[in-house]
Amino acid sequence: MTTLQQYKTDLSTNQLIYAPHPNLEKQVFYFQVDKEYRQAVQTHMTTLMRTHNGVGLSANQINLDVAVICQELQGQIVTMFNPQVVHLSADKVLMTEGCLSEPGLFLKIKRPDIVSASWEDVAGNTITETLYGMDARVFLHEFDHLQGIMFTDRVSKPKLDLARKKQKKRMQRAARRLINANG
Ligand SMILES: [Zn+2]
């Protein structure tokens, strides 16, 4: 656990980054800071996640070198500071995932169906919860980000190559729609 000696509460320059980017490939650190900083991070990440229509966001996706996850949990956006995996179910399920840092890319990935996780809230209280299904899925995807692991690292090369081809077509179609819409 690192104590942040210098930190800024103005996070306006911390915007969404896209792959490939070195910050998406490095592990961020666990930290101890005051409530003012936590509050600023929570507000900023919640706003960004809404802006980009995401269901989850990790701090390193916005160039922030701290362990924070934002995710929707039962209809509410929850900010998790210093999250930890306590227990993973042996049962794994295959689900399609997307990522804000990889627009248009969708991959079927096998992950545990249930995760028991703990984190600190904005006030520094430790919360422990068991997450199921989609909630567990989003948490594990974002938790991976904090370790510098992208969802593209979790599939075979042939699967990724095929998904990249579909991504390219999808992005080209989206660009054409944009051109048509703009005349
Ligand atoms: Zn992601």
# chains A, B, ... in the order shown; residues from 1 in each chain; ligands from 1
call {"tool": "residues_around", "arguments": {"residues": "A:Val68", "least_positions_apart": "4", "cutoff": "6 Å", "atoms": "only C-alpha atoms", "output": "number ranges by chain"}}
result
A: 58-59, 80-82
call {"tool": "residues_around", "arguments": {"residues": "stretch 90-92 of chain A", "least_positions_apart": "6", "cutoff": "7 Å", "atoms": "only C-alpha atoms", "output": "MDAnalysis selection string"}}
result
chainID A and resid 110:113
call {"tool": "write_last_selection", "arguments": {"atoms": "all heavy atoms", "output": "JSON list (two decimals), in the first residue's frame"}}
result
[["chain", "number", "residue", "atom", "x", "y", "z"],
["A", 110, "LYS", "N", -14.27, -16.79, -20.97],
["A", 110, "LYS", "CA", -14.70, -17.66, -19.88],
["A", 110, "LYS", "C", -14.15, -17.10, -18.56],
["A", 110, "LYS", "O", -12.94, -16.86, -18.45],
["A", 110, "LYS", "CB", -14.13, -19.06, -20.13],
["A", 110, "LYS", "CG", -14.96, -20.18, -19.55],
["A", 110, "LYS", "CD", -14.38, -21.52, -19.94],
["A", 110, "LYS", "CE", -15.49, -22.47, -20.34],
["A", 110, "LYS", "NZ", -14.98, -23.82, -20.56],
["A", 111, "ARG", "N", -15.05, -16.86, -17.63],
["A", 111, "ARG", "CA", -14.62, -16.36, -16.32],
["A", 111, "ARG", "C", -15.49, -16.98, -15.23],
["A", 111, "ARG", "O", -16.60, -17.43, -15.51],
["A", 111, "ARG", "CB", -14.81, -14.84, -16.21],
["A", 111, "ARG", "CG", -13.93, -14.01, -17.13],
["A", 111, "ARG", "CD", -14.09, -12.55, -16.73],
["A", 111, "ARG", "NE", -13.57, -11.62, -17.73],
["A", 111, "ARG", "CZ", -12.35, -11.10, -17.71],
["A", 111, "ARG", "NH1", -11.50, -11.43, -16.77],
["A", 111, "ARG", "NH2", -11.98, -10.24, -18.64],
["A", 112, "PRO", "N", -15.01, -16.94, -13.96],
["A", 112, "PRO", "CA", -15.84, -17.44, -12.86],
["A", 112, "PRO", "C", -17.19, -16.72, -12.82],
["A", 112, "PRO", "O", -17.27, -15.52, -13.11],
["A", 112, "PRO", "CB", -15.01, -17.10, -11.62],
["A", 112, "PRO", "CG", -13.60, -17.07, -12.11],
["A", 112, "PRO", "CD", -13.68, -16.52, -13.51],
["A", 113, "ASP", "N", -18.22, -17.47, -12.45],
["A", 113, "ASP", "CA", -19.59, -16.96, -12.44],
["A", 113, "ASP", "C", -19.88, -16.12, -11.19],
["A", 113, "ASP", "O", -20.70, -15.22, -11.20],
["A", 113, "ASP", "CB", -20.53, -18.19, -12.47],
["A", 113, "ASP", "CG", -21.94, -17.81, -12.83],
["A", 113, "ASP", "OD1", -22.12, -16.77, -13.48],
["A", 113, "ASP", "OD2", -22.87, -18.55, -12.45]]
call {"tool": "residues_near_ligand", "arguments": {"ligand": "ligand 1", "cutoff": "10 Å", "atoms": "only C-alpha atoms and all ligand atoms", "output": "ChimeraX atom specification"}}
result
/A:18-19,24,54-58,60-61,97-103,138,140-146,149-152
call {"tool": "atom_distance", "arguments": {"atom1": "atom CA of A:His21", "atom2": "atom CA of A:Leu131"}}
result
29.4 Å
call {"tool": "atom_distance", "arguments": {"atom1": "atom CA of A:Ile127", "atom2": "atom CA of A:Gln27"}}
result
22.4 Å
call {"tool": "select_by_dssp", "arguments": {"residues": "stretch 93-127 of chain A", "states": "strand (DSSP E)", "output": "PyMOL selection string"}}
result
chain A and resi 93-97+107-112+114-120+126-127
call {"tool": "atom_distance", "arguments": {"atom1": "atom CA of A:Val86", "atom2": "atom CA of A:Ser116"}}
result
5.2 Å
call {"tool": "select_by_dssp", "arguments": {"residues": "stretch 28-134 of chain A", "states": "alpha helix (DSSP H)", "output": "number ranges by chain"}}
result
A: 35-51, 133-134
call {"tool": "write_last_selection", "arguments": {"atoms": "N, CA, C and O atoms", "output": "CSV table (one decimal), in the first residue's frame"}}
result
chain,number,residue,atom,x,y,z
A,35,LYS,N,-10.1,11.6,2.0
A,35,LYS,CA,-11.4,11.5,1.4
A,35,LYS,C,-11.6,12.5,0.3
A,35,LYS,O,-12.3,12.3,-0.7
A,36,GLU,N,-10.9,13.7,0.4
A,36,GLU,CA,-11.0,14.7,-0.7
A,36,GLU,C,-10.6,14.1,-2.1
A,36,GLU,O,-11.3,14.3,-3.1
A,37,TYR,N,-9.5,13.4,-2.1
A,37,TYR,CA,-9.0,12.8,-3.3
A,37,TYR,C,-10.0,11.7,-3.8
A,37,TYR,O,-10.3,11.6,-5.0
A,38,ARG,N,-10.4,10.8,-2.8
A,38,ARG,CA,-11.3,9.8,-3.2
A,38,ARG,C,-12.6,10.3,-3.8
A,38,ARG,O,-13.1,9.8,-4.8
A,39,GLN,N,-13.1,11.4,-3.2
A,39,GLN,CA,-14.3,12.0,-3.7
A,39,GLN,C,-14.1,12.5,-5.1
A,39,GLN,O,-15.0,12.3,-6.0
A,40,ALA,N,-13.0,13.2,-5.3
A,40,ALA,CA,-12.7,13.7,-6.7
A,40,ALA,C,-12.6,12.6,-7.7
A,40,ALA,O,-13.2,12.7,-8.8
A,41,VAL,N,-12.0,11.5,-7.4
A,41,VAL,CA,-11.9,10.4,-8.3
A,41,VAL,C,-13.2,9.8,-8.5
A,41,VAL,O,-13.6,9.5,-9.7
A,42,GLN,N,-14.0,9.6,-7.5
A,42,GLN,CA,-15.3,9.0,-7.6
A,42,GLN,C,-16.2,9.9,-8.6
A,42,GLN,O,-16.8,9.3,-9.5
A,43,THR,N,-16.2,11.2,-8.3
A,43,THR,CA,-17.1,12.0,-9.2
A,43,THR,C,-16.6,12.0,-10.6
A,43,THR,O,-17.5,11.9,-11.5
A,44,HIS,N,-15.3,12.1,-10.8
A,44,HIS,CA,-14.8,12.1,-12.2
A,44,HIS,C,-15.0,10.8,-12.9
A,44,HIS,O,-15.5,10.8,-14.1
A,45,MET,N,-14.8,9.7,-12.3
A,45,MET,CA,-14.9,8.4,-13.0
A,45,MET,C,-16.4,8.1,-13.2
A,45,MET,O,-16.7,7.5,-14.3
A,46,THR,N,-17.3,8.4,-12.3
A,46,THR,CA,-18.7,8.2,-12.5
A,46,THR,C,-19.2,9.0,-13.7
A,46,THR,O,-19.9,8.5,-14.6
A,47,THR,N,-18.8,10.3,-13.8
A,47,THR,CA,-19.2,11.1,-14.9
A,47,THR,C,-18.7,10.5,-16.2
A,47,THR,O,-19.4,10.4,-17.2
A,48,LEU,N,-17.4,10.1,-16.3
A,48,LEU,CA,-16.8,9.6,-17.5
A,48,LEU,C,-17.5,8.3,-17.9
A,48,LEU,O,-17.8,8.1,-19.1
A,49,MET,N,-17.8,7.4,-17.0
A,49,MET,CA,-18.4,6.2,-17.3
A,49,MET,C,-19.8,6.4,-17.9
A,49,MET,O,-20.2,5.8,-18.9
A,50,ARG,N,-20.5,7.4,-17.4
A,50,ARG,CA,-21.9,7.7,-17.9
A,50,ARG,C,-21.7,8.3,-19.3
A,50,ARG,O,-22.4,8.0,-20.2
A,51,THR,N,-20.7,9.2,-19.5
A,51,THR,CA,-20.5,9.9,-20.8
A,51,THR,C,-20.3,8.9,-21.9
A,51,THR,O,-20.8,9.0,-23.0
A,133,GLY,N,-23.1,-13.3,-11.8
A,133,GLY,CA,-23.5,-13.1,-13.2
A,133,GLY,C,-22.8,-11.9,-13.8
A,133,GLY,O,-21.6,-11.8,-13.7
A,134,MET,N,-23.6,-11.0,-14.3
A,134,MET,CA,-23.1,-9.8,-15.0
A,134,MET,C,-22.2,-8.9,-14.1
A,134,MET,O,-21.2,-8.3,-14.5
call {"tool": "closest_residue", "arguments": {"among": "A:Asp121, A:Arg173, A:Leu107, A:Ala181", "to": "A:Pro158", "atoms": "only C-alpha atoms"}}
result
A:Leu107
call {"tool": "residues_around", "arguments": {"residues": "A:Lys168", "least_positions_apart": "3", "cutoff": "12 Å", "atoms": "only C-alpha atoms", "output": "VMD selection string"}}
result
chain A and resid 102 to 106 161 to 165 171 to 175
call {"tool": "decode", "arguments": {"residues": "stretch 120-180 of chain A", "atoms": "C-alpha atoms", "output": "tab-separated table (two decimals), in the first residue's frame"}}
result
chain	number	residue	atom	x	y	z
A	120	GLU	CA	-12.95	0.48	0.33
A	121	ASP	CA	-15.66	3.02	-0.22
A	122	VAL	CA	-15.15	6.77	-0.54
A	123	ALA	CA	-14.97	7.14	3.25
A	124	GLY	CA	-12.40	4.35	3.57
A	125	ASN	CA	-14.81	1.73	4.99
A	126	THR	CA	-14.16	-1.84	3.89
A	127	ILE	CA	-17.05	-3.43	2.01
A	128	THR	CA	-17.27	-7.15	1.21
A	129	GLU	CA	-19.84	-8.40	-1.26
A	130	THR	CA	-20.57	-11.45	-3.37
A	131	LEU	CA	-21.19	-10.57	-7.00
A	132	TYR	CA	-23.06	-12.81	-9.41
A	133	GLY	CA	-23.46	-13.10	-13.17
A	134	MET	CA	-23.07	-9.79	-15.00
A	135	ASP	CA	-21.90	-7.98	-11.83
A	136	ALA	CA	-19.14	-10.55	-11.32
A	137	ARG	CA	-18.25	-10.33	-15.01
A	138	VAL	CA	-17.84	-6.55	-15.01
A	139	PHE	CA	-15.86	-6.62	-11.76
A	140	LEU	CA	-13.41	-9.25	-13.06
A	141	HIS	CA	-12.94	-7.40	-16.36
A	142	GLU	CA	-12.15	-4.15	-14.50
A	143	PHE	CA	-10.03	-5.93	-11.90
A	144	ASP	CA	-7.98	-7.34	-14.77
A	145	HIS	CA	-7.38	-3.79	-16.01
A	146	LEU	CA	-5.84	-2.87	-12.65
A	147	GLN	CA	-3.33	-5.72	-13.14
A	148	GLY	CA	-2.52	-4.49	-16.64
A	149	ILE	CA	-4.47	-7.34	-18.25
A	150	MET	CA	-6.69	-6.57	-21.25
A	151	PHE	CA	-9.56	-8.86	-22.27
A	152	THR	CA	-7.66	-9.41	-25.52
A	153	ASP	CA	-5.00	-11.22	-23.43
A	154	ARG	CA	-7.59	-13.82	-22.44
A	155	VAL	CA	-8.39	-15.28	-25.87
A	156	SER	CA	-6.37	-17.28	-28.38
A	157	LYS	CA	-4.70	-15.53	-31.31
A	158	PRO	CA	-7.04	-17.03	-33.97
A	159	LYS	CA	-10.09	-15.93	-31.96
A	160	LEU	CA	-8.67	-12.45	-31.54
A	161	ASP	CA	-7.76	-12.16	-35.23
A	162	LEU	CA	-11.32	-13.05	-36.24
A	163	ALA	CA	-12.81	-10.60	-33.73
A	164	ARG	CA	-10.42	-7.88	-35.01
A	165	LYS	CA	-11.72	-8.38	-38.57
A	166	LYS	CA	-15.29	-7.95	-37.35
A	167	GLN	CA	-14.21	-4.92	-35.32
A	168	LYS	CA	-12.68	-3.33	-38.42
A	169	LYS	CA	-15.89	-3.83	-40.42
A	170	ARG	CA	-18.00	-2.54	-37.56
A	171	MET	CA	-15.86	0.60	-37.23
A	172	GLN	CA	-15.93	1.20	-41.00
A	173	ARG	CA	-19.73	0.93	-41.00
A	174	ALA	CA	-19.92	3.34	-38.07
A	175	ALA	CA	-17.64	5.81	-39.87
A	176	ARG	CA	-19.76	5.59	-43.04
A	177	ARG	CA	-22.93	6.23	-41.02
A	178	LEU	CA	-21.24	9.29	-39.52
A	179	ILE	CA	-20.26	10.60	-42.98
A	180	ASN	CA	-23.82	10.04	-44.30
